[in-house]
file model-v2.pdb (PDB, C-alpha atoms (C1' of nucleotides))
ATOM      1  CA  MET A   1      32.636  13.676  12.361
ATOM      2  CA  GLN A   2      31.264  10.225  12.900
ATOM      3  CA  THR A   3      30.553   8.150   9.856
ATOM      4  CA  LEU A   4      28.888   4.797   9.301
ATOM      5  CA  SER A   5      29.802   1.720   7.330
ATOM      6  CA  ILE A   6      27.110   0.395   5.028
ATOM      7  CA  GLY A   7      26.398  -2.389   7.519
ATOM      8  CA  GLU A   8      25.926   0.068  10.380
ATOM      9  CA  LEU A   9      23.709   2.210   8.176
ATOM     10  CA  ALA A  10      21.709  -0.871   7.229
ATOM     11  CA  GLU A  11      21.165  -1.730  10.863
ATOM     12  CA  ARG A  12      20.178   1.795  11.884
ATOM     13  CA  SER A  13      17.828   2.342   8.954
ATOM     14  CA  GLY A  14      16.390  -1.132   8.665
ATOM     15  CA  VAL A  15      17.312  -1.193   4.968
ATOM     16  CA  ALA A  16      19.521  -4.053   3.713
ATOM     17  CA  SER A  17      23.042  -3.186   2.563
ATOM     18  CA  GLN A  18      22.369  -4.432  -0.934
ATOM     19  CA  ALA A  19      19.223  -2.339  -1.135
ATOM     20  CA  ILE A  20      21.280   0.701  -0.106
ATOM     21  CA  ARG A  21      23.760  -0.018  -2.917
ATOM     22  CA  TYR A  22      20.812  -0.400  -5.247
ATOM     23  CA  TYR A  23      19.454   3.009  -4.193
ATOM     24  CA  GLU A  24      22.880   4.461  -4.910
ATOM     25  CA  LYS A  25      22.891   2.975  -8.383
ATOM     26  CA  GLU A  26      19.366   4.328  -8.883
ATOM     27  CA  LYS A  27      20.432   7.804  -7.717
ATOM     28  CA  LEU A  28      18.218   7.854  -4.654
ATOM     29  CA  MET A  29      21.218   7.861  -2.338
ATOM     30  CA  PRO A  30      24.270   9.973  -3.224
ATOM     31  CA  ALA A  31      27.541   8.114  -3.658
ATOM     32  CA  PRO A  32      29.273   8.428  -0.266
ATOM     33  CA  GLN A  33      32.939   8.942   0.468
ATOM     34  CA  ARG A  34      35.200   5.923   0.414
ATOM     35  CA  THR A  35      38.009   4.730   2.678
ATOM     36  CA  ASP A  36      41.408   3.802   1.256
ATOM     37  CA  ALA A  37      40.108   0.248   1.002
ATOM     38  CA  ASN A  38      37.174   1.510  -1.072
ATOM     39  CA  TYR A  39      34.647   1.009   1.729
ATOM     40  CA  ARG A  40      31.636   3.347   1.782
ATOM     41  CA  ARG A  41      31.456   5.788   4.728
ATOM     42  CA  TYR A  42      28.121   7.485   5.311
ATOM     43  CA  PRO A  43      27.339  10.653   7.243
ATOM     44  CA  LEU A  44      24.773  10.223  10.034
ATOM     45  CA  ASP A  45      22.017  11.966   8.137
ATOM     46  CA  ALA A  46      22.044   9.166   5.573
ATOM     47  CA  VAL A  47      19.782   7.390   8.061
ATOM     48  CA  ASP A  48      17.168  10.136   7.674
ATOM     49  CA  ARG A  49      17.343  10.020   3.928
ATOM     50  CA  LEU A  50      16.838   6.262   3.918
ATOM     51  CA  GLN A  51      13.913   6.569   6.276
ATOM     52  CA  PHE A  52      12.351   9.189   4.058
ATOM     53  CA  ILE A  53      12.586   6.640   1.244
ATOM     54  CA  VAL A  54      11.060   3.929   3.423
ATOM     55  CA  HIS A  55       8.180   6.160   4.493
ATOM     56  CA  ALA A  56       7.510   7.372   0.968
ATOM     57  CA  LYS A  57       7.449   3.773  -0.231
ATOM     58  CA  HIS A  58       4.976   2.953   2.500
ATOM     59  CA  TRP A  59       2.832   5.804   1.190
ATOM     60  CA  GLY A  60       2.807   4.107  -2.167
ATOM     61  CA  PHE A  61       5.311   6.328  -3.976
ATOM     62  CA  SER A  62       7.433   4.486  -6.541
ATOM     63  CA  LEU A  63      11.220   4.844  -6.527
ATOM     64  CA  ASP A  64      10.917   7.083  -9.591
ATOM     65  CA  GLU A  65       8.544   9.396  -7.733
ATOM     66  CA  ILE A  66      10.708   9.351  -4.629
ATOM     67  CA  ARG A  67      13.743  10.273  -6.719
ATOM     68  CA  GLU A  68      11.838  13.298  -8.012
ATOM     69  CA  LEU A  69      10.974  14.398  -4.488
ATOM     70  CA  LEU A  70      14.562  13.945  -3.333
ATOM     71  CA  ILE A  71      15.897  15.940  -6.263
ATOM     72  CA  LEU A  72      13.561  18.778  -5.326
ATOM     73  CA  GLN A  73      14.732  18.585  -1.732
ATOM     74  CA  ASP A  74      18.387  18.495  -2.709
ATOM     75  CA  ALA A  75      17.993  21.435  -5.042
ATOM     76  CA  ASN A  76      15.955  23.336  -2.474
ATOM     77  CA  GLY A  77      13.423  23.278  -5.260
ATOM     78  CA  ASP A  78      10.107  24.882  -5.751
ATOM     79  CA  ARG A  79       7.196  24.057  -3.442
ATOM     80  CA  ALA A  80       4.868  24.214  -6.434
ATOM     81  CA  GLN A  81       6.653  21.251  -8.008
ATOM     82  CA  VAL A  82       6.394  19.179  -4.846
ATOM     83  CA  LYS A  83       2.724  20.065  -4.648
ATOM     84  CA  HIS A  84       2.278  19.029  -8.247
ATOM     85  CA  ILE A  85       3.837  15.594  -7.699
ATOM     86  CA  ALA A  86       1.844  15.050  -4.525
ATOM     87  CA  GLY A  87      -1.330  16.206  -6.262
ATOM     88  CA  GLU A  88      -0.880  13.678  -9.029
ATOM     89  CA  LYS A  89      -0.259  10.995  -6.458
ATOM     90  CA  LEU A  90      -3.421  11.980  -4.592
ATOM     91  CA  HIS A  91      -5.388  11.727  -7.800
ATOM     92  CA  LYS A  92      -4.055   8.239  -8.499
ATOM     93  CA  ILE A  93      -4.818   7.138  -4.948
ATOM     94  CA  ARG A  94      -8.398   8.389  -5.234
ATOM     95  CA  GLU A  95      -8.817   6.497  -8.514
ATOM     96  CA  GLN A  96      -7.576   3.334  -6.846
ATOM     97  CA  ILE A  97      -9.970   3.813  -3.943
ATOM     98  CA  LYS A  98     -12.872   4.297  -6.351
ATOM     99  CA  HIS A  99     -11.959   1.168  -8.275
ATOM    100  CA  LEU A 100     -11.621  -0.924  -5.131
ATOM    101  CA  SER A 101     -14.826   0.469  -3.650
ATOM    102  CA  ARG A 102     -16.820  -0.570  -6.674
ATOM    103  CA  ILE A 103     -15.423  -4.088  -6.383
ATOM    104  CA  GLU A 104     -16.044  -4.109  -2.652
ATOM    105  CA  ALA A 105     -19.684  -3.141  -3.148
ATOM    106  CA  VAL A 106     -20.474  -5.852  -5.669
ATOM    107  CA  LEU A 107     -18.451  -8.515  -3.916
ATOM    108  CA  SER A 108     -20.002  -7.927  -0.487
ATOM    109  CA  LYS A 109     -23.489  -7.828  -2.015
ATOM    110  CA  THR A 110     -22.998 -11.138  -3.820
ATOM    111  CA  LEU A 111     -21.420 -12.690  -0.740
ATOM    112  CA  ASN A 112     -24.592 -11.874   1.167
ATOM    113  CA  GLU A 113     -26.721 -13.379  -1.557
ATOM    114  CA  CYS A 114     -24.774 -16.626  -1.553
ATOM    115  CA  VAL A 115     -26.086 -19.166   0.888
ATOM    116  CA  GLY A 116     -22.664 -20.770   0.992
ATOM    117  CA  GLU A 117     -24.059 -24.264   1.008
ATOM    118  CA  GLY A 118     -24.422 -27.119  -1.415
ATOM    119  CA  PRO A 119     -22.939 -27.747  -4.832
ATOM    120  CA  MET A 120     -23.105 -25.255  -7.688
ATOM    121  CA  GLN A 121     -24.890 -27.145 -10.424
ATOM    122  CA  GLU A 122     -27.495 -24.450 -10.756
ATOM    123  CA  GLY A 123     -24.956 -21.687 -10.498
ATOM    124  CA  CYS A 124     -23.446 -19.655  -7.723
ATOM    125  CA  PRO A 125     -24.164 -15.928  -7.418
ATOM    126  CA  ILE A 126     -20.488 -15.141  -6.862
ATOM    127  CA  ILE A 127     -19.297 -16.965  -9.965
ATOM    128  CA  GLU A 128     -22.091 -15.438 -11.961
ATOM    129  CA  ALA A 129     -21.327 -11.962 -10.729
ATOM    130  CA  ILE A 130     -17.738 -12.341 -11.908
ATOM    131  CA  ALA A 131     -18.803 -13.873 -15.201
ATOM    132  CA  GLU A 132     -21.415 -11.287 -16.048
ATOM    133  CA  ARG A 133     -20.063  -8.054 -14.725
ATOM    134  CA  GLU A 134     -19.241  -5.591 -17.460
ATOM    135  CA  LYS A 135     -16.595  -2.850 -17.247
TER     136      LYS A 135
ATOM    137  CA  MET B   1     -19.972 -28.615 -33.905
ATOM    138  CA  GLN B   2     -18.280 -25.379 -34.766
ATOM    139  CA  THR B   3     -14.807 -24.852 -33.392
ATOM    140  CA  LEU B   4     -12.442 -21.923 -33.357
ATOM    141  CA  SER B   5      -8.784 -21.518 -34.186
ATOM    142  CA  ILE B   6      -6.700 -19.778 -31.556
ATOM    143  CA  GLY B   7      -6.716 -16.621 -33.694
ATOM    144  CA  GLU B   8     -10.512 -16.611 -33.945
ATOM    145  CA  LEU B   9     -10.786 -17.216 -30.225
ATOM    146  CA  ALA B  10      -8.357 -14.375 -29.597
ATOM    147  CA  GLU B  11     -10.457 -12.028 -31.701
ATOM    148  CA  ARG B  12     -13.763 -13.040 -30.088
ATOM    149  CA  SER B  13     -12.460 -12.890 -26.547
ATOM    150  CA  GLY B  14     -10.133  -9.930 -26.847
ATOM    151  CA  VAL B  15      -7.295 -12.006 -25.374
ATOM    152  CA  ALA B  16      -4.086 -12.345 -27.415
ATOM    153  CA  SER B  17      -3.236 -15.786 -28.836
ATOM    154  CA  GLN B  18      -0.020 -15.940 -26.868
ATOM    155  CA  ALA B  19      -1.857 -15.078 -23.674
ATOM    156  CA  ILE B  20      -4.289 -17.931 -24.386
ATOM    157  CA  ARG B  21      -1.357 -20.326 -24.780
ATOM    158  CA  TYR B  22       0.055 -18.959 -21.554
ATOM    159  CA  TYR B  23      -3.257 -19.642 -19.771
ATOM    160  CA  GLU B  24      -3.132 -23.167 -21.111
ATOM    161  CA  LYS B  25       0.352 -23.670 -19.744
ATOM    162  CA  GLU B  26      -0.837 -22.225 -16.423
ATOM    163  CA  LYS B  27      -3.833 -24.582 -16.349
ATOM    164  CA  LEU B  28      -6.455 -21.861 -16.564
ATOM    165  CA  MET B  29      -7.579 -23.025 -19.987
ATOM    166  CA  PRO B  30      -7.827 -26.766 -20.693
ATOM    167  CA  ALA B  31      -5.680 -28.106 -23.523
ATOM    168  CA  PRO B  32      -8.008 -28.166 -26.530
ATOM    169  CA  GLN B  33      -8.250 -30.751 -29.296
ATOM    170  CA  ARG B  34      -5.777 -30.532 -32.151
ATOM    171  CA  THR B  35      -6.107 -30.879 -35.897
ATOM    172  CA  ASP B  36      -3.896 -33.268 -37.871
ATOM    173  CA  ALA B  37      -1.520 -30.351 -38.361
ATOM    174  CA  ASN B  38      -1.366 -29.869 -34.581
ATOM    175  CA  TYR B  39      -3.479 -26.702 -34.626
ATOM    176  CA  ARG B  40      -5.619 -25.989 -31.568
ATOM    177  CA  ARG B  41      -9.406 -26.135 -32.087
ATOM    178  CA  TYR B  42     -11.556 -24.582 -29.360
ATOM    179  CA  PRO B  43     -15.223 -25.141 -28.595
ATOM    180  CA  LEU B  44     -17.356 -22.009 -28.606
ATOM    181  CA  ASP B  45     -17.674 -21.866 -24.823
ATOM    182  CA  ALA B  46     -13.936 -21.236 -24.583
ATOM    183  CA  VAL B  47     -14.892 -17.614 -25.208
ATOM    184  CA  ASP B  48     -16.954 -17.560 -22.007
ATOM    185  CA  ARG B  49     -14.177 -19.108 -19.995
ATOM    186  CA  LEU B  50     -11.689 -16.533 -21.250
ATOM    187  CA  GLN B  51     -14.088 -13.728 -20.472
ATOM    188  CA  PHE B  52     -14.573 -15.069 -16.995
ATOM    189  CA  ILE B  53     -10.792 -14.847 -16.602
ATOM    190  CA  VAL B  54     -10.749 -11.302 -17.965
ATOM    191  CA  HIS B  55     -13.526 -10.165 -15.639
ATOM    192  CA  ALA B  56     -11.986 -11.837 -12.612
ATOM    193  CA  LYS B  57      -8.672 -10.133 -13.395
ATOM    194  CA  HIS B  58     -10.474  -6.832 -13.613
ATOM    195  CA  TRP B  59     -11.885  -7.537 -10.164
ATOM    196  CA  GLY B  60      -8.351  -7.883  -8.896
ATOM    197  CA  PHE B  61      -8.162 -11.650  -8.648
ATOM    198  CA  SER B  62      -4.719 -13.079  -9.404
ATOM    199  CA  LEU B  63      -4.308 -15.921 -11.883
ATOM    200  CA  ASP B  64      -3.720 -18.269  -8.952
ATOM    201  CA  GLU B  65      -7.022 -17.248  -7.398
ATOM    202  CA  ILE B  66      -8.820 -17.488 -10.736
ATOM    203  CA  ARG B  67      -7.441 -20.983 -11.209
ATOM    204  CA  GLU B  68      -8.941 -21.965  -7.852
ATOM    205  CA  LEU B  69     -12.339 -20.596  -8.855
ATOM    206  CA  LEU B  70     -12.208 -22.387 -12.194
ATOM    207  CA  ILE B  71     -11.283 -25.671 -10.566
ATOM    208  CA  LEU B  72     -14.316 -25.340  -8.289
ATOM    209  CA  GLN B  73     -16.502 -24.610 -11.291
ATOM    210  CA  ASP B  74     -15.086 -27.514 -13.281
ATOM    211  CA  ALA B  75     -15.552 -29.892 -10.390
ATOM    212  CA  ASN B  76     -19.037 -28.557  -9.690
ATOM    213  CA  GLY B  77     -17.497 -27.853  -6.340
ATOM    214  CA  ASP B  78     -18.877 -26.672  -3.083
ATOM    215  CA  ARG B  79     -20.483 -23.232  -2.801
ATOM    216  CA  ALA B  80     -18.906 -22.877   0.618
ATOM    217  CA  GLN B  81     -15.430 -23.027  -0.917
ATOM    218  CA  VAL B  82     -16.268 -20.358  -3.468
ATOM    219  CA  LYS B  83     -17.682 -18.222  -0.694
ATOM    220  CA  HIS B  84     -14.514 -18.754   1.314
ATOM    221  CA  ILE B  85     -12.246 -17.620  -1.536
ATOM    222  CA  ALA B  86     -14.449 -14.621  -2.267
ATOM    223  CA  GLY B  87     -14.592 -13.779   1.427
ATOM    224  CA  GLU B  88     -10.821 -13.729   1.691
ATOM    225  CA  LYS B  89     -10.642 -11.538  -1.387
ATOM    226  CA  LEU B  90     -13.193  -9.142   0.104
ATOM    227  CA  HIS B  91     -11.119  -8.931   3.257
ATOM    228  CA  LYS B  92      -7.970  -8.112   1.282
ATOM    229  CA  ILE B  93      -9.822  -5.485  -0.726
ATOM    230  CA  ARG B  94     -11.122  -3.837   2.439
ATOM    231  CA  GLU B  95      -7.596  -3.781   3.874
ATOM    232  CA  GLN B  96      -6.333  -2.118   0.727
ATOM    233  CA  ILE B  97      -9.103   0.464   0.871
ATOM    234  CA  LYS B  98      -8.262   1.208   4.511
ATOM    235  CA  HIS B  99      -4.584   1.620   3.712
ATOM    236  CA  LEU B 100      -5.257   3.904   0.766
ATOM    237  CA  SER B 101      -7.826   5.928   2.694
ATOM    238  CA  ARG B 102      -5.334   6.671   5.440
ATOM    239  CA  ILE B 103      -2.848   7.863   2.843
ATOM    240  CA  GLU B 104      -5.528   9.871   1.078
ATOM    241  CA  ALA B 105      -6.495  11.617   4.302
ATOM    242  CA  VAL B 106      -2.981  12.680   5.223
ATOM    243  CA  LEU B 107      -1.975  13.578   1.702
ATOM    244  CA  SER B 108      -5.042  15.734   1.010
ATOM    245  CA  LYS B 109      -4.653  17.446   4.386
ATOM    246  CA  THR B 110      -1.005  18.294   3.754
ATOM    247  CA  LEU B 111      -1.765  19.397   0.220
ATOM    248  CA  ASN B 112      -4.220  21.909   1.634
ATOM    249  CA  GLU B 113      -1.649  23.121   4.139
ATOM    250  CA  CYS B 114       0.954  23.690   1.475
ATOM    251  CA  VAL B 115       0.836  27.125  -0.046
ATOM    252  CA  GLY B 116       2.476  25.744  -3.155
ATOM    253  CA  GLU B 117       4.684  28.752  -3.593
ATOM    254  CA  GLY B 118       8.297  29.677  -3.048
ATOM    255  CA  PRO B 119      11.349  27.560  -2.317
ATOM    256  CA  MET B 120      11.520  25.032   0.479
ATOM    257  CA  GLN B 121      14.424  26.218   2.598
ATOM    258  CA  GLU B 122      12.319  26.259   5.702
ATOM    259  CA  GLY B 123      10.641  22.989   4.890
ATOM    260  CA  CYS B 124       7.580  21.930   3.012
ATOM    261  CA  PRO B 125       4.626  20.360   4.802
ATOM    262  CA  ILE B 126       4.347  17.609   2.211
ATOM    263  CA  ILE B 127       7.979  16.541   2.478
ATOM    264  CA  GLU B 128       7.783  16.732   6.243
ATOM    265  CA  ALA B 129       4.637  14.666   6.349
ATOM    266  CA  ILE B 130       6.349  11.937   4.397
ATOM    267  CA  ALA B 131       9.519  12.170   6.455
ATOM    268  CA  GLU B 132       7.854  12.102   9.847
ATOM    269  CA  ARG B 133       4.898   9.841   9.420
ATOM    270  CA  GLU B 134       5.245   6.653  11.404
ATOM    271  CA  LYS B 135       3.648   3.341  10.462
TER     272      LYS B 135
ATOM    273  C1'  DC C   1      48.700 -15.568  11.320
ATOM    274  C1'  DT C   2      44.589 -17.331  10.510
ATOM    275  C1'  DT C   3      39.732 -17.397  10.826
ATOM    276  C1'  DG C   4      35.439 -15.189  10.462
ATOM    277  C1'  DA C   5      32.901 -11.090   9.816
ATOM    278  C1'  DC C   6      32.704  -7.562   7.127
ATOM    279  C1'  DC C   7      33.219  -5.060   2.522
ATOM    280  C1'  DC C   8      33.593  -4.732  -2.900
ATOM    281  C1'  DT C   9      31.668  -5.461  -7.913
ATOM    282  C1'  DA C  10      29.012  -7.427 -11.562
ATOM    283  C1'  DA C  11      25.690 -10.420 -12.984
ATOM    284  C1'  DA C  12      21.913 -13.342 -12.538
ATOM    285  C1'  DG C  13      17.562 -14.659 -10.266
ATOM    286  C1'  DT C  14      12.809 -13.514  -8.323
ATOM    287  C1'  DC C  15       7.689 -12.460  -8.726
ATOM    288  C1'  DA C  16       3.379 -11.862 -12.180
ATOM    289  C1'  DG C  17       1.600 -11.809 -16.318
ATOM    290  C1'  DC C  18       2.412 -11.588 -20.041
ATOM    291  C1'  DT C  19       4.998  -9.937 -24.921
ATOM    292  C1'  DT C  20       8.550 -10.521 -28.374
ATOM    293  C1'  DA C  21      11.609 -13.086 -30.961
ATOM    294  C1'  DA C  22      13.451 -16.950 -33.409
ATOM    295  C1'  DA C  23      12.868 -20.607 -36.449
ATOM    296  C1'  DG C  24      10.006 -23.203 -38.675
ATOM    297  C1'  DG C  25       5.382 -25.854 -40.516
ATOM    298  C1'  DT C  26       0.432 -25.139 -42.767
ATOM    299  C1'  DT C  27      -3.234 -23.262 -45.336
ATOM    300  C1'  DA C  28      -5.830 -20.053 -48.115
ATOM    301  C1'  DT C  29      -5.660 -17.026 -52.096
ATOM    302  C1'  DG C  30      -4.508 -15.392 -56.748
TER     303       DG C  30
ATOM    304  C1'  DC D   1       2.907 -22.649 -57.096
ATOM    305  C1'  DA D   2       4.272 -18.649 -54.714
ATOM    306  C1'  DT D   3       3.446 -15.857 -50.997
ATOM    307  C1'  DA D   4       1.101 -14.040 -47.215
ATOM    308  C1'  DA D   5      -1.265 -15.020 -43.196
ATOM    309  C1'  DC D   6      -1.906 -18.236 -40.270
ATOM    310  C1'  DC D   7      -0.178 -21.831 -36.820
ATOM    311  C1'  DT D   8       3.630 -24.440 -33.869
ATOM    312  C1'  DT D   9       7.439 -24.536 -30.094
ATOM    313  C1'  DT D  10      10.993 -22.831 -26.989
ATOM    314  C1'  DA D  11      13.303 -19.210 -25.037
ATOM    315  C1'  DA D  12      14.235 -14.697 -23.886
ATOM    316  C1'  DG D  13      12.700  -9.971 -22.537
ATOM    317  C1'  DC D  14       9.823  -6.693 -19.902
ATOM    318  C1'  DT D  15       8.585  -3.929 -15.323
ATOM    319  C1'  DG D  16       9.898  -2.767 -10.261
ATOM    320  C1'  DA D  17      12.387  -3.356  -6.461
ATOM    321  C1'  DC D  18      15.045  -5.706  -4.939
ATOM    322  C1'  DT D  19      17.771 -10.523  -3.414
ATOM    323  C1'  DT D  20      21.064 -13.971  -4.369
ATOM    324  C1'  DT D  21      25.237 -15.693  -6.188
ATOM    325  C1'  DA D  22      29.985 -15.718  -7.447
ATOM    326  C1'  DG D  23      34.417 -14.390  -6.714
ATOM    327  C1'  DG D  24      37.294 -11.611  -4.433
ATOM    328  C1'  DG D  25      39.521  -7.963  -0.992
ATOM    329  C1'  DT D  26      39.936  -6.133   4.128
ATOM    330  C1'  DC D  27      40.078  -5.984   8.983
ATOM    331  C1'  DA D  28      39.758  -7.206  14.024
ATOM    332  C1'  DA D  29      40.285 -10.813  17.450
ATOM    333  C1'  DG D  30      42.696 -14.523  19.502
TER     334       DG D  30
END

call {"tool": "encode", "arguments": {"input": "model-v2.pdb", "output": "structure tokens"}}
result
Amino acid sequence: MQTLSIGELAERSGVASQAIRYYEKEKLMPAPQRTDANYRRYPLDAVDRLQFIVHAKHWGFSLDEIRELLILQDANGDRAQVKHIAGEKLHKIREQIKHLSRIEAVLSKTLNECVGEGPMQEGCPIIEAIAEREK
Amino acid sequence: MQTLSIGELAERSGVASQAIRYYEKEKLMPAPQRTDANYRRYPLDAVDRLQFIVHAKHWGFSLDEIRELLILQDANGDRAQVKHIAGEKLHKIREQIKHLSRIEAVLSKTLNECVGEGPMQEGCPIIEAIAEREK
DNA sequence: CTTGACCCTAAAGTCAGCTTAAAGGTTATG
DNA sequence: CATAACCTTTAAGCTGACTTTAGGGTCAAG
């Protein structure tokens, strides 16, 4: 069976060798077999696992959360647990969207109100909005 | 004129003394006058400045961005510059909302598709969504 | 057989925005 | 006048997700 050195794996997955070693230390990647010279040799499907990590990171999952998902996969775990983790993540994402939307609303409103000209001796609606806004 | 010790300022503003010293080092707060014993004495409006910082942080501005806004205020700067900084921030916030909304859409869709029962031998729509999703 | 490209480990550095600790001076209270 | 509650400084620690550095070992090409 074909195996990959860490450098080949890095190139195929787009993840730096040192990051791969870091994922191993953090238990996201299993420790691979070693050659006599103590070089890591990875099976081909290590590429998929790394890309799962990359995608999950892009989705905003932390390494801790990704580790949980991988453990469930490795253990052929319960769908309910995966759904639970994803549900919590969805909740957090919706909270973030709410928070950002509130900011977006006030900021775009004040930007419209600001003429964007002249000095600010008598105040600037943007500065004032930041200064006064509660909560 | 009444002045405040750093501890009194901390209590009135809700910002820890050490954080106030940190803001001084980072040029967000001006270095205040000192007593003979080298104690900081703040004017009352230091409370407002600190609360401006707190609010701006809550809005998602970084300390670097807040410093820029404060410099414009201190210099009685140009409204156009403030509008420019706020406009860039608004753009970044809208990008973040877009990114999160895309994730929210896919994640809530896959959560609905997942029965949330049984083991995942034959795959789980959530895991697969993460694994397969491009970009 | 040597040079350069790879691989190894462990430890330290990076970013932001602080917090905590260490070691000491000052001031208010009983 | 002692002691607790302030204040001072500098330096180190924290989180997350790595990257960089230091100091070696290994391997393929010429």

call {"tool": "residues_near_point", "arguments": {"input": "model-v2.pdb", "point": "(-0.2, -13.9, -18.8)", "cutoff": "9 Å", "atoms": "all atoms listed in the file", "output": "count of residues only"}}
result
12

call {"tool": "closest_residue", "arguments": {"input": "model-v2.pdb", "among": "B:Asn76, B:Ser108, B:Thr35, B:Gln81", "to": "chain C", "atoms": "all atoms listed in the file"}}
result
B:Thr35

call {"tool": "resolve_selection", "arguments": {"input": "model-v2.pdb", "expression": "the PyMOL selection byres ((chain D) within 12 of (chain A))", "output": "VMD selection string"}}
result
chain D and resid 16 to 20 25 to 27

call {"tool": "atom_distance", "arguments": {"input": "model-v2.pdb", "atom1": "C1' of DA22 in chain C", "atom2": "C1' of DC7 in chain D"}}
result
14.9 Å

call {"tool": "closest_residue", "arguments": {"input": "model-v2.pdb", "among": "A:Glu65, A:Glu24, A:Glu104, A:Asp78", "to": "Lys92 in chain B", "atoms": "only C-alpha atoms"}}
result
A:Glu104

call {"tool": "interface_residues", "arguments": {"input": "model-v2.pdb", "of": "chain C", "to": "chain A", "cutoff": "10 Å", "atoms": "only C-alpha atoms (C1' of nucleotides)", "output": "compact mmCIF listing (two decimals) with C-alpha atoms (C1' of nucleotides), in the coordinates of the input"}}
result
# COMPACT_ATOMS: atom_id res chain seq x y z
C1' DC C 6 32.70 -7.56 7.13
C1' DC C 7 33.22 -5.06 2.52
C1' DC C 8 33.59 -4.73 -2.90

call {"tool": "decode", "arguments": {"input": "model-v2.pdb", "residues": "range 74-124 of chain B", "atoms": "C-alpha atoms", "output": "short mmCIF file (atom, residue, chain, number, x, y, z; two decimals), in the first residue's frame"}}
result
data_model
loop_
_atom_site.label_atom_id
_atom_site.label_comp_id
_atom_site.auth_asym_id
_atom_site.auth_seq_id
_atom_site.Cartn_x
_atom_site.Cartn_y
_atom_site.Cartn_z
CA ASP B 74 -8.22 64.52 20.03
CA ALA B 75 -7.06 66.34 16.93
CA ASN B 76 -10.58 67.57 16.19
CA GLY B 77 -9.95 65.73 12.98
CA ASP B 78 -11.83 65.46 9.77
CA ARG B 79 -15.31 63.92 9.70
CA ALA B 80 -14.43 62.30 6.39
CA GLN B 81 -11.68 60.27 8.07
CA VAL B 82 -14.02 59.06 10.78
CA LYS B 83 -16.55 58.14 8.13
CA HIS B 84 -13.86 56.27 6.23
CA ILE B 85 -12.84 54.19 9.27
CA ALA B 86 -16.46 53.46 10.14
CA GLY B 87 -17.20 52.59 6.52
CA GLU B 88 -14.40 50.05 6.43
CA LYS B 89 -15.65 48.57 9.68
CA LEU B 90 -19.17 48.32 8.28
CA HIS B 91 -17.82 46.51 5.25
CA LYS B 92 -15.95 44.01 7.43
CA ILE B 93 -19.03 43.45 9.55
CA ARG B 94 -21.16 42.78 6.48
CA GLU B 95 -18.57 40.29 5.21
CA GLN B 96 -18.66 38.50 8.54
CA ILE B 97 -22.45 38.38 8.48
CA LYS B 98 -22.37 36.94 4.96
CA HIS B 99 -19.87 34.28 5.95
CA LEU B 100 -21.82 33.29 9.04
CA SER B 101 -25.12 33.29 7.17
CA ARG B 102 -23.79 30.84 4.61
CA ILE B 103 -22.66 28.55 7.40
CA GLU B 104 -25.96 28.98 9.20
CA ALA B 105 -27.90 28.01 6.09
CA VAL B 106 -25.98 24.82 5.42
CA LEU B 107 -25.75 23.81 9.04
CA SER B 108 -29.46 24.28 9.77
CA LYS B 109 -30.36 22.44 6.56
CA THR B 110 -28.17 19.46 7.43
CA LEU B 111 -29.39 19.46 11.00
CA ASN B 112 -32.92 19.07 9.69
CA GLU B 113 -31.84 16.24 7.41
CA CYS B 114 -30.20 14.34 10.22
CA VAL B 115 -32.53 11.99 12.01
CA GLY B 116 -30.32 12.23 15.07
CA GLU B 117 -30.64 8.57 15.85
CA GLY B 118 -28.54 5.45 15.54
CA PRO B 119 -24.86 4.96 14.78
CA MET B 120 -23.13 6.48 11.80
CA GLN B 121 -21.77 3.49 9.92
CA GLU B 122 -23.44 4.56 6.74
CA GLY B 123 -22.53 8.18 7.20
CA CYS B 124 -24.09 11.16 8.85
#
